[in-house]
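One file, structure-v8.cif, carrying mmCIF, C-alpha atoms and all ligand atoms:
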```
data_input
#
loop_
_atom_site.label_atom_id
_atom_site.label_comp_id
_atom_site.auth_asym_id
_atom_site.auth_seq_id
_atom_site.Cartn_x
_atom_site.Cartn_y
_atom_site.Cartn_z
CA MET A 1 -17.83 8.87 17.03
CA SER A 2 -15.47 11.60 15.79
CA GLN A 3 -15.85 13.10 12.35
CA LEU A 4 -12.59 11.42 11.34
CA GLN A 5 -13.81 7.98 12.34
CA GLY A 6 -16.95 8.59 10.33
CA LEU A 7 -14.86 9.42 7.26
CA THR A 8 -12.53 6.46 7.56
CA HIS A 9 -15.41 4.03 7.49
CA PHE A 10 -16.60 5.25 4.10
CA ARG A 11 -15.36 3.15 1.20
CA ARG A 12 -16.20 3.65 -2.47
CA LYS A 13 -18.32 0.72 -3.64
CA THR A 14 -16.54 -1.25 -6.35
CA ARG A 15 -16.86 -4.49 -8.17
CA ASN A 16 -14.53 -7.16 -6.78
CA VAL A 17 -11.61 -8.70 -8.61
CA MET A 18 -9.61 -11.75 -7.48
CA VAL A 19 -5.83 -11.64 -7.84
CA GLY A 20 -5.04 -15.27 -7.05
CA SER A 21 -6.25 -15.71 -3.48
CA VAL A 22 -6.34 -11.97 -2.71
CA GLY A 23 -9.59 -10.09 -3.28
CA ILE A 24 -9.37 -6.49 -4.51
CA GLY A 25 -12.41 -4.27 -4.10
CA SER A 26 -14.74 -2.84 -1.50
CA ASN A 27 -15.68 -6.28 -0.12
CA PHE A 28 -12.06 -6.90 0.87
CA PRO A 29 -9.45 -5.22 3.08
CA ILE A 30 -7.16 -2.77 1.27
CA SER A 31 -4.18 -4.91 0.28
CA ILE A 32 -0.54 -3.92 0.28
CA GLN A 33 1.71 -4.65 -2.62
CA SER A 34 5.21 -3.96 -3.77
CA MET A 35 7.49 -4.60 -6.70
CA THR A 36 10.74 -6.55 -6.70
CA ASN A 37 13.86 -4.70 -7.79
CA THR A 38 15.88 -7.80 -8.60
CA ASP A 39 16.45 -8.97 -12.17
CA THR A 40 13.41 -11.20 -12.77
CA ARG A 41 15.63 -13.57 -14.79
CA ASN A 42 17.58 -14.23 -11.59
CA VAL A 43 15.09 -16.68 -10.09
CA GLN A 44 16.82 -17.22 -6.75
CA ALA A 45 17.38 -13.53 -5.99
CA THR A 46 13.79 -12.72 -6.96
CA VAL A 47 12.30 -15.54 -4.86
CA ASN A 48 14.44 -14.49 -1.87
CA GLN A 49 13.15 -10.92 -2.15
CA ILE A 50 9.54 -12.05 -2.52
CA ILE A 51 9.88 -14.15 0.66
CA ALA A 52 11.46 -11.25 2.59
CA LEU A 53 8.67 -8.94 1.42
CA THR A 54 6.00 -11.48 2.35
CA ASP A 55 7.50 -11.80 5.83
CA ALA A 56 7.30 -8.00 6.13
CA GLY A 57 3.57 -8.08 5.23
CA CYS A 58 3.44 -7.78 1.44
CA GLU A 59 0.29 -9.39 0.04
CA ILE A 60 0.76 -9.13 -3.75
CA ILE A 61 4.06 -8.87 -5.62
CA ARG A 62 4.73 -7.36 -9.05
CA LEU A 63 7.68 -8.30 -11.20
CA ALA A 64 9.04 -6.48 -14.24
CA VAL A 65 8.84 -8.67 -17.32
CA PRO A 66 11.01 -6.93 -19.91
CA ASP A 67 11.70 -9.95 -22.16
CA GLN A 68 10.81 -13.56 -22.93
CA GLU A 69 13.53 -14.88 -20.62
CA ALA A 70 11.90 -13.02 -17.71
CA ALA A 71 8.47 -14.35 -18.75
CA GLU A 72 9.93 -17.89 -18.74
CA ALA A 73 11.57 -17.33 -15.32
CA LEU A 74 8.06 -16.73 -13.91
CA LYS A 75 7.39 -20.47 -14.30
CA LYS A 76 10.08 -21.18 -11.69
CA ILE A 77 9.33 -18.17 -9.47
CA ILE A 78 5.54 -18.54 -9.12
CA PRO A 79 5.54 -21.99 -7.45
CA GLN A 80 7.99 -20.67 -4.86
CA SER A 81 6.08 -17.44 -4.14
CA PRO A 82 3.84 -17.44 -1.06
CA ILE A 83 1.79 -14.52 -2.52
CA PRO A 84 0.17 -13.83 -5.91
CA VAL A 85 2.60 -12.70 -8.63
CA VAL A 86 1.75 -9.90 -11.06
CA ALA A 87 3.57 -9.36 -14.36
CA ASP A 88 4.43 -5.77 -15.25
CA ILE A 89 4.48 -5.45 -19.01
CA HIS A 90 4.94 -2.54 -21.35
CA PHE A 91 3.96 -2.63 -25.02
CA ASP A 92 4.77 -6.25 -25.98
CA TYR A 93 1.58 -8.36 -26.10
CA ARG A 94 3.66 -11.55 -26.55
CA LEU A 95 5.12 -11.01 -23.08
CA ALA A 96 1.59 -10.73 -21.66
CA LEU A 97 0.65 -14.05 -23.32
CA ALA A 98 3.85 -15.71 -22.05
CA ALA A 99 3.32 -14.37 -18.51
CA ILE A 100 -0.27 -15.62 -18.44
CA SER A 101 0.82 -19.06 -19.60
CA SER A 102 3.55 -19.01 -16.91
CA GLY A 103 0.78 -18.72 -14.31
CA VAL A 104 0.70 -15.08 -13.14
CA SER A 105 -2.28 -13.91 -11.09
CA LYS A 106 -2.58 -10.50 -12.80
CA VAL A 107 -1.06 -8.62 -15.70
CA ARG A 108 -0.34 -4.94 -15.70
CA ILE A 109 -0.57 -3.77 -19.29
CA ASN A 110 -2.32 -0.94 -21.10
CA PRO A 111 -4.35 -2.30 -24.03
CA GLY A 112 -3.91 0.97 -25.92
CA ASN A 113 -0.16 0.38 -26.02
CA ILE A 114 -0.07 -3.13 -27.48
CA GLY A 115 -1.01 -2.41 -31.06
CA SER A 116 -3.74 -3.93 -33.21
CA GLU A 117 -7.24 -5.04 -32.22
CA ALA A 118 -6.19 -8.63 -32.97
CA ARG A 119 -3.42 -8.43 -30.36
CA ILE A 120 -5.77 -6.97 -27.75
CA ALA A 121 -8.25 -9.76 -28.53
CA GLU A 122 -5.55 -12.37 -28.08
CA VAL A 123 -4.42 -11.03 -24.69
CA VAL A 124 -8.03 -10.67 -23.50
CA ALA A 125 -8.84 -14.24 -24.60
CA ALA A 126 -5.83 -15.60 -22.69
CA ALA A 127 -6.70 -13.53 -19.60
CA LYS A 128 -10.31 -14.72 -19.72
CA TYR A 129 -9.29 -18.35 -20.21
CA SER A 130 -6.93 -18.25 -17.20
CA ASN A 131 -9.17 -15.94 -15.14
CA VAL A 132 -6.37 -13.38 -14.88
CA PRO A 133 -7.34 -9.76 -14.25
CA ILE A 134 -5.71 -6.89 -16.10
CA ARG A 135 -4.52 -3.78 -14.34
CA ILE A 136 -4.56 -0.65 -16.43
CA GLY A 137 -1.91 1.77 -15.21
CA VAL A 138 -2.05 5.28 -16.60
CA ASN A 139 0.97 7.39 -15.78
CA GLY A 140 0.88 11.17 -16.03
CA GLY A 141 4.43 11.05 -17.40
CA SER A 142 3.47 9.03 -20.47
CA LEU A 143 0.08 10.38 -21.53
CA GLU A 144 -0.88 10.08 -25.21
CA LYS A 145 0.14 13.05 -27.39
CA GLU A 146 -3.44 13.81 -28.45
CA ILE A 147 -4.56 14.03 -24.81
CA LEU A 148 -1.67 16.31 -23.91
CA GLN A 149 -2.60 18.57 -26.82
CA LYS A 150 -6.29 18.53 -26.00
CA TYR A 151 -5.76 19.52 -22.35
CA GLY A 152 -2.64 21.64 -22.86
CA GLY A 153 -0.47 19.37 -20.70
CA VAL A 154 -0.98 16.78 -17.97
CA THR A 155 -4.31 17.26 -16.17
CA GLY A 156 -6.51 15.08 -14.00
CA GLN A 157 -9.16 15.04 -16.70
CA GLY A 158 -6.54 14.00 -19.27
CA ILE A 159 -5.30 11.12 -17.11
CA VAL A 160 -8.89 9.94 -16.69
CA GLU A 161 -9.61 10.23 -20.41
CA SER A 162 -6.60 8.00 -21.11
CA ALA A 163 -7.78 5.46 -18.52
CA MET A 164 -11.32 5.45 -19.93
CA THR A 165 -9.94 4.78 -23.42
CA HIS A 166 -8.04 1.72 -22.16
CA ILE A 167 -11.07 0.55 -20.17
CA ALA A 168 -13.29 0.89 -23.27
CA MET A 169 -10.87 -1.25 -25.29
CA LEU A 170 -11.21 -4.08 -22.77
CA GLU A 171 -14.97 -3.64 -22.45
CA ALA A 172 -15.28 -3.87 -26.25
CA HIS A 173 -14.07 -7.46 -25.76
CA GLN A 174 -16.50 -8.01 -22.85
CA PHE A 175 -13.63 -7.93 -20.39
CA GLU A 176 -14.39 -6.35 -17.03
CA ASN A 177 -11.96 -8.17 -14.75
CA THR A 178 -10.08 -4.92 -14.47
CA ILE A 179 -8.26 -2.83 -11.87
CA VAL A 180 -7.26 0.76 -12.61
CA ALA A 181 -4.35 2.88 -11.43
CA LEU A 182 -3.86 6.57 -12.17
CA LYS A 183 -0.35 7.54 -11.32
CA SER A 184 1.58 10.73 -11.18
CA SER A 185 4.34 12.06 -8.97
CA ASP A 186 2.13 15.10 -8.28
CA ILE A 187 -0.13 14.78 -5.25
CA ARG A 188 -2.85 17.22 -6.35
CA LEU A 189 -3.02 15.76 -9.83
CA THR A 190 -3.28 12.21 -8.49
CA TYR A 191 -6.01 13.24 -6.07
CA GLU A 192 -7.96 15.09 -8.76
CA ALA A 193 -7.71 12.22 -11.24
CA TYR A 194 -9.03 9.54 -8.86
CA ASN A 195 -11.87 11.82 -7.81
CA ILE A 196 -12.94 12.23 -11.42
CA LEU A 197 -12.59 8.53 -12.29
CA ALA A 198 -14.58 7.47 -9.22
CA LYS A 199 -17.65 9.03 -10.85
CA GLU A 200 -17.06 7.22 -14.17
CA CYS A 201 -16.68 3.55 -13.22
CA ASP A 202 -16.82 1.00 -10.42
CA TYR A 203 -13.54 -0.79 -11.11
CA PRO A 204 -11.33 -1.21 -8.04
CA PHE A 205 -8.52 1.32 -7.64
CA HIS A 206 -4.86 0.52 -7.26
CA ILE A 207 -3.46 3.62 -5.59
CA GLY A 208 0.04 4.98 -5.20
CA LEU A 209 2.14 8.01 -5.92
CA THR A 210 4.69 7.11 -8.54
CA GLU A 211 8.35 8.12 -8.36
CA ALA A 212 7.64 9.55 -4.91
CA GLY A 213 11.33 9.71 -4.02
CA THR A 214 13.71 8.45 -1.37
CA VAL A 215 12.51 7.01 1.93
CA PHE A 216 12.20 10.31 3.81
CA ARG A 217 10.60 12.52 1.14
CA GLY A 218 8.77 9.69 -0.56
CA THR A 219 7.15 8.64 2.69
CA ILE A 220 5.89 12.16 3.34
CA LYS A 221 4.56 12.65 -0.19
CA SER A 222 2.99 9.20 -0.35
CA SER A 223 1.38 9.60 3.06
CA MET A 224 -0.24 12.87 2.05
CA ALA A 225 -1.55 11.49 -1.24
CA MET A 226 -2.70 8.16 0.18
CA GLY A 227 -4.22 9.83 3.23
CA ALA A 228 -6.31 12.17 1.09
CA LEU A 229 -7.50 9.36 -1.20
CA LEU A 230 -8.20 6.85 1.56
CA LEU A 231 -10.14 9.36 3.65
CA ASN A 232 -12.29 9.93 0.58
CA GLY A 233 -12.93 6.19 0.42
CA TYR A 234 -10.71 5.57 -2.62
CA GLY A 235 -8.18 2.77 -2.83
CA ASP A 236 -8.53 -1.01 -2.83
CA THR A 237 -4.88 -2.00 -3.13
CA MET A 238 -1.87 0.20 -2.52
CA ARG A 239 1.74 0.34 -3.56
CA ILE A 240 4.03 2.90 -1.99
CA SER A 241 6.93 3.69 -4.36
CA LEU A 242 10.22 4.45 -2.62
CA THR A 243 13.74 4.46 -3.98
CA GLY A 244 15.68 1.68 -2.27
CA ASP A 245 14.84 -1.54 -0.44
CA PRO A 246 11.16 -2.37 -1.16
CA ILE A 247 10.74 -3.59 2.44
CA ASN A 248 10.37 0.12 3.29
CA GLU A 249 7.37 0.31 0.96
CA ILE A 250 5.60 -2.36 2.99
CA LYS A 251 6.45 -0.74 6.33
CA VAL A 252 5.13 2.63 5.15
CA GLY A 253 2.02 1.12 3.54
CA LYS A 254 1.12 -0.75 6.70
CA GLU A 255 1.68 2.33 8.86
CA ILE A 256 -0.58 4.43 6.60
CA LEU A 257 -3.44 1.92 6.78
CA LYS A 258 -2.94 1.40 10.51
CA SER A 259 -2.90 5.16 11.17
CA LEU A 260 -6.25 5.55 9.41
CA ASP A 261 -7.75 2.57 11.28
CA LEU A 262 -8.28 0.80 7.96
CA ARG A 263 -6.25 -2.31 8.82
CA ASP A 264 -4.85 -3.85 11.98
CA PHE A 265 -1.12 -4.32 11.60
CA GLY A 266 -0.02 -4.58 15.19
CA ILE A 267 0.65 -1.99 17.83
CA LYS A 268 -0.21 1.69 17.43
CA PHE A 269 2.26 3.99 19.14
CA VAL A 270 1.57 7.37 20.65
CA SER A 271 4.54 9.30 22.02
CA CYS A 272 4.99 12.95 22.86
CA PRO A 273 7.71 15.13 21.32
CA THR A 274 8.99 16.00 24.85
CA CYS A 275 9.61 19.54 26.03
CA GLY A 276 11.18 21.39 28.94
CA ARG A 277 8.87 19.60 31.37
CA CYS A 278 10.21 16.15 30.56
CA GLN A 279 12.55 14.78 33.24
CA LEU A 280 13.50 11.40 31.79
CA ASN A 281 15.03 10.20 28.52
CA LEU A 282 11.77 9.59 26.70
CA GLU A 283 13.32 9.29 23.25
CA LYS A 284 15.48 6.39 24.44
CA ILE A 285 12.48 4.71 26.08
CA ALA A 286 10.22 5.15 23.03
CA ASN A 287 12.87 3.88 20.58
CA ALA A 288 13.85 0.92 22.76
CA LEU A 289 10.21 -0.08 23.19
CA GLU A 290 9.39 0.28 19.49
CA GLY A 291 12.42 -1.87 18.62
CA LYS A 292 11.49 -4.56 21.16
CA LEU A 293 7.91 -4.67 19.89
CA GLU A 294 8.67 -4.80 16.16
CA GLY A 295 6.77 -7.75 14.74
CA VAL A 296 4.50 -8.11 17.81
CA ASN A 297 1.07 -8.41 16.28
CA LYS A 298 -1.31 -7.10 18.92
CA ASN A 299 -4.13 -4.74 18.11
CA ILE A 300 -3.48 -2.28 20.94
CA THR A 301 -2.39 1.33 21.49
CA VAL A 302 0.68 2.11 23.57
CA ALA A 303 1.33 5.67 24.83
CA VAL A 304 4.77 6.84 25.90
CA MET A 305 4.41 10.33 27.39
CA GLY A 306 6.91 12.65 29.01
CA CYS A 307 5.14 14.28 31.94
CA ALA A 308 2.01 14.82 33.96
CA VAL A 309 0.55 17.51 31.64
CA ASN A 310 -0.78 15.36 28.79
CA GLY A 311 0.71 12.07 29.94
CA PRO A 312 -2.06 10.72 32.16
CA GLY A 313 -4.75 11.65 29.62
CA GLU A 314 -3.08 9.88 26.69
CA ALA A 315 -1.89 6.97 28.81
CA LYS A 316 -5.43 6.44 30.12
CA GLU A 317 -6.89 6.53 26.59
CA ALA A 318 -4.39 3.92 25.40
CA ASP A 319 -4.51 0.25 26.36
CA ILE A 320 -1.25 0.72 28.18
CA GLY A 321 1.03 3.70 28.67
CA ILE A 322 3.35 5.72 30.82
CA ALA A 323 3.42 9.29 32.05
CA GLY A 324 6.95 10.39 32.93
CA GLY A 325 8.02 11.95 36.23
CA LYS A 326 11.50 12.67 37.63
CA ASP A 327 13.69 9.75 36.46
CA SER A 328 10.62 7.53 36.75
CA ALA A 329 7.21 6.94 35.22
CA LEU A 330 3.69 6.03 36.22
CA LEU A 331 2.36 2.97 34.43
CA PHE A 332 -1.28 2.99 33.26
CA LYS A 333 -3.21 -0.08 32.18
CA LYS A 334 -6.74 0.19 30.81
CA GLY A 335 -7.07 3.69 32.27
CA GLU A 336 -5.78 2.86 35.77
CA ILE A 337 -2.45 3.59 37.44
CA VAL A 338 -0.86 0.23 38.22
CA GLY A 339 2.58 1.26 39.47
CA LYS A 340 5.56 3.58 39.45
CA TYR A 341 8.86 2.42 37.92
CA SER A 342 12.35 3.79 37.52
CA GLU A 343 13.60 5.00 34.14
CA GLU A 344 15.91 1.97 33.90
CA GLU A 345 13.20 -0.64 34.41
CA ILE A 346 10.28 0.96 32.55
CA VAL A 347 10.98 -0.51 29.07
CA ASP A 348 11.15 -4.07 30.38
CA VAL A 349 8.07 -3.59 32.56
CA LEU A 350 6.10 -2.13 29.62
CA TYR A 351 7.20 -4.98 27.36
CA GLU A 352 6.19 -7.64 29.87
CA GLU A 353 2.82 -6.02 30.52
CA ILE A 354 2.14 -5.61 26.79
CA MET A 355 2.91 -9.27 26.16
CA LYS A 356 0.35 -10.17 28.85
CA LEU A 357 -2.42 -8.14 27.13
FE1 LIG A 401 5.99 18.16 27.21
FE2 LIG A 401 4.66 16.66 28.92
FE3 LIG A 401 3.52 17.31 26.59
FE4 LIG A 401 5.52 15.57 26.66
S1 LIG A 401 3.51 15.28 27.62
S2 LIG A 401 5.34 17.33 25.29
S3 LIG A 401 6.78 16.35 28.28
S4 LIG A 401 4.05 18.70 28.24
#
```
Can the structure from this file be put into structure tokens for me?
Ligand code: SF4
Amino acid sequence: MSQLQGLTHFRRKTRNVMVGSVGIGSNFPISIQSMTNTDTRNVQATVNQIIALTDAGCEIIRLAVPDQEAAEALKKIIPQSPIPVVADIHFDYRLALAAISSGVSKVRINPGNIGSEARIAEVVAAAKYSNVPIRIGVNGGSLEKEILQKYGGVTGQGIVESAMTHIAMLEAHQFENTIVALKSSDIRLTYEAYNILAKECDYPFHIGLTEAGTVFRGTIKSSMAMGALLLNGYGDTMRISLTGDPINEIKVGKEILKSLDLRDFGIKFVSCPTCGRCQLNLEKIANALEGKLEGVNKNITVAVMGCAVNGPGEAKEADIGIAGGKDSALLFKKGEIVGKYSEEEIVDVLYEEIMKL
């Protein structure tokens, strides 16, 4: 076993929290979630987006609940949602109460931001009664003034201190059905904060890099941050934040977990960058094959390689693969050469053979 495989199998031991039918914690697979960007009050548009996200592989969906109308709309949305619905609430405890009575499976709210002890007690009582977990989400961009002063700005230790304060408020009411997120748009800060918090508690971690950016830059930043955390064994549910269509968040999240061998989400692709030795249009072949296989849910590795230098090695390691030659390619299956095909026919041949596996 390689060192990397050894690392990926390590997972921080946590308590387990149920979000509707989805378990969050070290006894369960790392789940993928996203957030709708429709107006929650527009029931039809929100339900349509939840269904599209579910079809793409989303397992938990969070909705912004900015007012009572949105909290009421949840009553119509939740019965039509195939996956557990989470209410995202800032400051207003009445919205948390309304969302819980509308049937949400989790509430994201920071107890330190909702005011008096009596209000915290009321939200906790409702959450306990309905068996709804609370997700504390500390954001580096909105740390309490006293913490900023104490640490001279945003630091990992400061983010953790804020989280521990919120956790203590819930624990004071004997509430431990909690998930914690520490978010920042800074990779190092995020990494540092989770590492510190991991030593302080055993609540499951919701991980993500907030405000990561547009699809290209956000994917790179998120992948670095999530990769570092996941290889350390941290992360029980993950939301990738990208500006634009949230379907991209699911695609990226699945690819991250698949790349680290933490979840099976269909085919793993290996393809070479090509170089002066390549004598066929490998880019066209790789793209055409990836497109044809989108949505095919087989737990296999496919290698598309340009020449005889590294091609046979990678193709043999994979379940199926090709090593390019002049306008043609050798086809490998389970480590054996099974034929030679022209550039024109290779995509169809690969597809047919993959579907037989
Ligand atoms: Fe170049 Fe061959 Fe390596 Fe592809 S497999 S990068 S074509 S040497």
Exercise. Nearest to ligand LIG 401 (chain A) among A:Pro273, A:Gly153, A:Pro111, A:Gly213, with distances taken over all atoms listed in the file: which residue is it?
Worked result: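 Closest candidate: A:Pro273.
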Exercise. Contacts of Gly103 of chain A at 12 Å or less, counting all atoms listed in the file, minus same-chain residues fewer than 6 places along, as a list in words?
Worked result: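 Close residues of Gly103 of chain A: Val19, Gly20, Ala71, Glu72, Ala73, Leu74, Lys75, Lys76, Ile77, Ile78, Pro79, Ser81, Pro84, Val85, Val86, Ala87, Ala96, Leu97, Ala126, Ala127, Tyr129, Ser130, Asn131 and Val132 of chain A.
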For the selection just defined, write its residues with C-alpha atoms to a file, as a PDB file, in the coordinates of the input.
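Listed below is the output, result_22.pdb:
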```
ATOM      1  CA  VAL A  19      -5.830 -11.640  -7.840  1.00  0.00           C
ATOM      2  CA  GLY A  20      -5.040 -15.270  -7.050  1.00  0.00           C
ATOM      3  CA  ALA A  71       8.470 -14.350 -18.750  1.00  0.00           C
ATOM      4  CA  GLU A  72       9.930 -17.890 -18.740  1.00  0.00           C
ATOM      5  CA  ALA A  73      11.570 -17.330 -15.320  1.00  0.00           C
ATOM      6  CA  LEU A  74       8.060 -16.730 -13.910  1.00  0.00           C
ATOM      7  CA  LYS A  75       7.390 -20.470 -14.300  1.00  0.00           C
ATOM      8  CA  LYS A  76      10.080 -21.180 -11.690  1.00  0.00           C
ATOM      9  CA  ILE A  77       9.330 -18.170  -9.470  1.00  0.00           C
ATOM     10  CA  ILE A  78       5.540 -18.540  -9.120  1.00  0.00           C
ATOM     11  CA  PRO A  79       5.540 -21.990  -7.450  1.00  0.00           C
ATOM     12  CA  SER A  81       6.080 -17.440  -4.140  1.00  0.00           C
ATOM     13  CA  PRO A  84       0.170 -13.830  -5.910  1.00  0.00           C
ATOM     14  CA  VAL A  85       2.600 -12.700  -8.630  1.00  0.00           C
ATOM     15  CA  VAL A  86       1.750  -9.900 -11.060  1.00  0.00           C
ATOM     16  CA  ALA A  87       3.570  -9.360 -14.360  1.00  0.00           C
ATOM     17  CA  ALA A  96       1.590 -10.730 -21.660  1.00  0.00           C
ATOM     18  CA  LEU A  97       0.650 -14.050 -23.320  1.00  0.00           C
ATOM     19  CA  ALA A 126      -5.830 -15.600 -22.690  1.00  0.00           C
ATOM     20  CA  ALA A 127      -6.700 -13.530 -19.600  1.00  0.00           C
ATOM     21  CA  TYR A 129      -9.290 -18.350 -20.210  1.00  0.00           C
ATOM     22  CA  SER A 130      -6.930 -18.250 -17.200  1.00  0.00           C
ATOM     23  CA  ASN A 131      -9.170 -15.940 -15.140  1.00  0.00           C
ATOM     24  CA  VAL A 132      -6.370 -13.380 -14.880  1.00  0.00           C
TER      25      VAL A 132
END
```
Shell of 9 Å around ligand LIG 401 (chain A) (only C-alpha atoms and all ligand atoms), written as a CSV table (one decimal) with C-alpha atoms, in the coordinates of the input:
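Contents of part.csv, freshly written:
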```
chain,number,residue,atom,x,y,z
A,271,SER,CA,4.5,9.3,22.0
A,272,CYS,CA,5.0,13.0,22.9
A,273,PRO,CA,7.7,15.1,21.3
A,274,THR,CA,9.0,16.0,24.8
A,275,CYS,CA,9.6,19.5,26.0
A,276,GLY,CA,11.2,21.4,28.9
A,277,ARG,CA,8.9,19.6,31.4
A,278,CYS,CA,10.2,16.2,30.6
A,279,GLN,CA,12.6,14.8,33.2
A,282,LEU,CA,11.8,9.6,26.7
A,304,VAL,CA,4.8,6.8,25.9
A,305,MET,CA,4.4,10.3,27.4
A,306,GLY,CA,6.9,12.6,29.0
A,307,CYS,CA,5.1,14.3,31.9
A,308,ALA,CA,2.0,14.8,34.0
A,309,VAL,CA,0.6,17.5,31.6
A,310,ASN,CA,-0.8,15.4,28.8
A,311,GLY,CA,0.7,12.1,29.9
A,312,PRO,CA,-2.1,10.7,32.2
A,314,GLU,CA,-3.1,9.9,26.7
A,323,ALA,CA,3.4,9.3,32.0
A,324,GLY,CA,7.0,10.4,32.9
```
Exercise. Residues at most 12 Å from Glu336 of chain A, counting all atoms listed in the file, excluding those fewer than 3 positions away in the same chain, as a list in words?
Worked result: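 Everything that qualifies: Pro312, Gly313, Glu314, Ala315, Lys316, Glu317, Ala318, Asp319, Ile320, Gly321, Ile322, Ala323, Leu330, Leu331, Phe332, Lys333, Gly339 and Lys340 of chain A.
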Sorted by chain and rising residue number, which residues of segment 172-247 of chain A lie within 6 Å of segment 134-149 of chain A, and what are their closest atom pairs and distances in Å to one decimal, counting only C-alpha atoms, as CSV?
```
residue,atom,partner,partner_atom,distance
A:Thr178,CA,A:Ile134,CA,5.1
A:Ile179,CA,A:Arg135,CA,4.6
A:Val180,CA,A:Ile136,CA,4.9
A:Ala181,CA,A:Gly137,CA,4.6
A:Leu182,CA,A:Val138,CA,5.0
A:Lys183,CA,A:Asn139,CA,4.7
A:Ser184,CA,A:Gly140,CA,4.9
```
Once you have the residues from the selection above, write them out as a PDB file, keeping the file's coordinate frame, restricted to C-alpha atoms.
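Wrote again-v1.pdb, looks like this:
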```pdb
ATOM      1  CA  THR A 178     -10.080  -4.920 -14.470  1.00  0.00           C
ATOM      2  CA  ILE A 179      -8.260  -2.830 -11.870  1.00  0.00           C
ATOM      3  CA  VAL A 180      -7.260   0.760 -12.610  1.00  0.00           C
ATOM      4  CA  ALA A 181      -4.350   2.880 -11.430  1.00  0.00           C
ATOM      5  CA  LEU A 182      -3.860   6.570 -12.170  1.00  0.00           C
ATOM      6  CA  LYS A 183      -0.350   7.540 -11.320  1.00  0.00           C
ATOM      7  CA  SER A 184       1.580  10.730 -11.180  1.00  0.00           C
TER       8      SER A 184
END
```
Using 12 Å as the limit and counting all atoms listed in the file, can you tabulate each residue of segment 246-265 of chain A that touches segment 59-69 of chain A, with its shortest atom-to-atom distance in Å and the two atoms involved, as JSON lines?
```
{"residue": "A:Pro246", "atom": "CA", "partner": "A:Ile61", "partner_atom": "CA", "distance": 10.6}
{"residue": "A:Ile247", "atom": "CA", "partner": "A:Ile61", "partner_atom": "CA", "distance": 11.7}
{"residue": "A:Glu249", "atom": "CA", "partner": "A:Ile61", "partner_atom": "CA", "distance": 11.8}
{"residue": "A:Ile250", "atom": "CA", "partner": "A:Glu59", "partner_atom": "CA", "distance": 9.3}
{"residue": "A:Gly253", "atom": "CA", "partner": "A:Glu59", "partner_atom": "CA", "distance": 11.2}
{"residue": "A:Lys254", "atom": "CA", "partner": "A:Glu59", "partner_atom": "CA", "distance": 10.9}
```
Exercise. Which residue out of A:Lys199, A:Lys268, A:Lys292, A:Lys251 has the minimum interatomic distance to Ala56 of chain A when all atoms listed in the file are used?
Worked result: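 Using all atoms listed in the file, Ala56 of chain A sits closest to A:Lys251.
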Residues of segment 103-213 of chain A that have any atom at most 7 Å from an atom of segment 224-239 of chain A: could you tabulate them with the shortest-distance atom pair and the distance in Å to one decimal, using all atoms listed in the file, ordered by chain and increasing number, as JSON lines?
```
{"residue": "A:Ile187", "atom": "CA", "partner": "A:Ala225", "partner_atom": "CA", "distance": 5.4}
{"residue": "A:Tyr191", "atom": "CA", "partner": "A:Leu229", "partner_atom": "CA", "distance": 6.4}
{"residue": "A:Pro204", "atom": "CA", "partner": "A:Asp236", "partner_atom": "CA", "distance": 5.9}
{"residue": "A:Phe205", "atom": "CA", "partner": "A:Gly235", "partner_atom": "CA", "distance": 5.0}
{"residue": "A:His206", "atom": "CA", "partner": "A:Thr237", "partner_atom": "CA", "distance": 4.8}
{"residue": "A:Ile207", "atom": "CA", "partner": "A:Met238", "partner_atom": "CA", "distance": 4.9}
{"residue": "A:Gly208", "atom": "CA", "partner": "A:Arg239", "partner_atom": "CA", "distance": 5.2}
{"residue": "A:Leu209", "atom": "CA", "partner": "A:Ala225", "partner_atom": "CA", "distance": 6.9}
```
For this session: Would you mind reading off the distance between atom CA of Ile196 of chain A and atom CA of Glu161 of chain A, one decimal, in Å?
Result: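 We find that atom CA of Ile196 of chain A and atom CA of Glu161 of chain A lie 9.8 Å from each other.
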Problem set entry | Contacts of Glu255 of chain A at 12 Å (all atoms listed in the file; same-chain gap of 2+ positions) as a ChimeraX atom specification | /A:32,57,219,222-223,226-227,240,248-253,257-269
Exercise. Which of these, A:Met164, A:Val347, A:Val22, A:Ile89, has the shortest distance to Cys58 of chain A once you count all atoms listed in the file?
Worked result: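 Ranked by minimum distance to Cys58 of chain A, first place goes to A:Val22.
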For this session: Would you kindly return, as a list of chain:residue names, each protein, DNA or RNA residue with an atom no farther than 9 Å from any atom of Ala125 of chain A, considering only C-alpha atoms and excluding same-chain residues fewer than 5 positions away?
Result: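 Result of the neighbour search: A:Ile120, A:Ser130, A:His173, A:Phe175.
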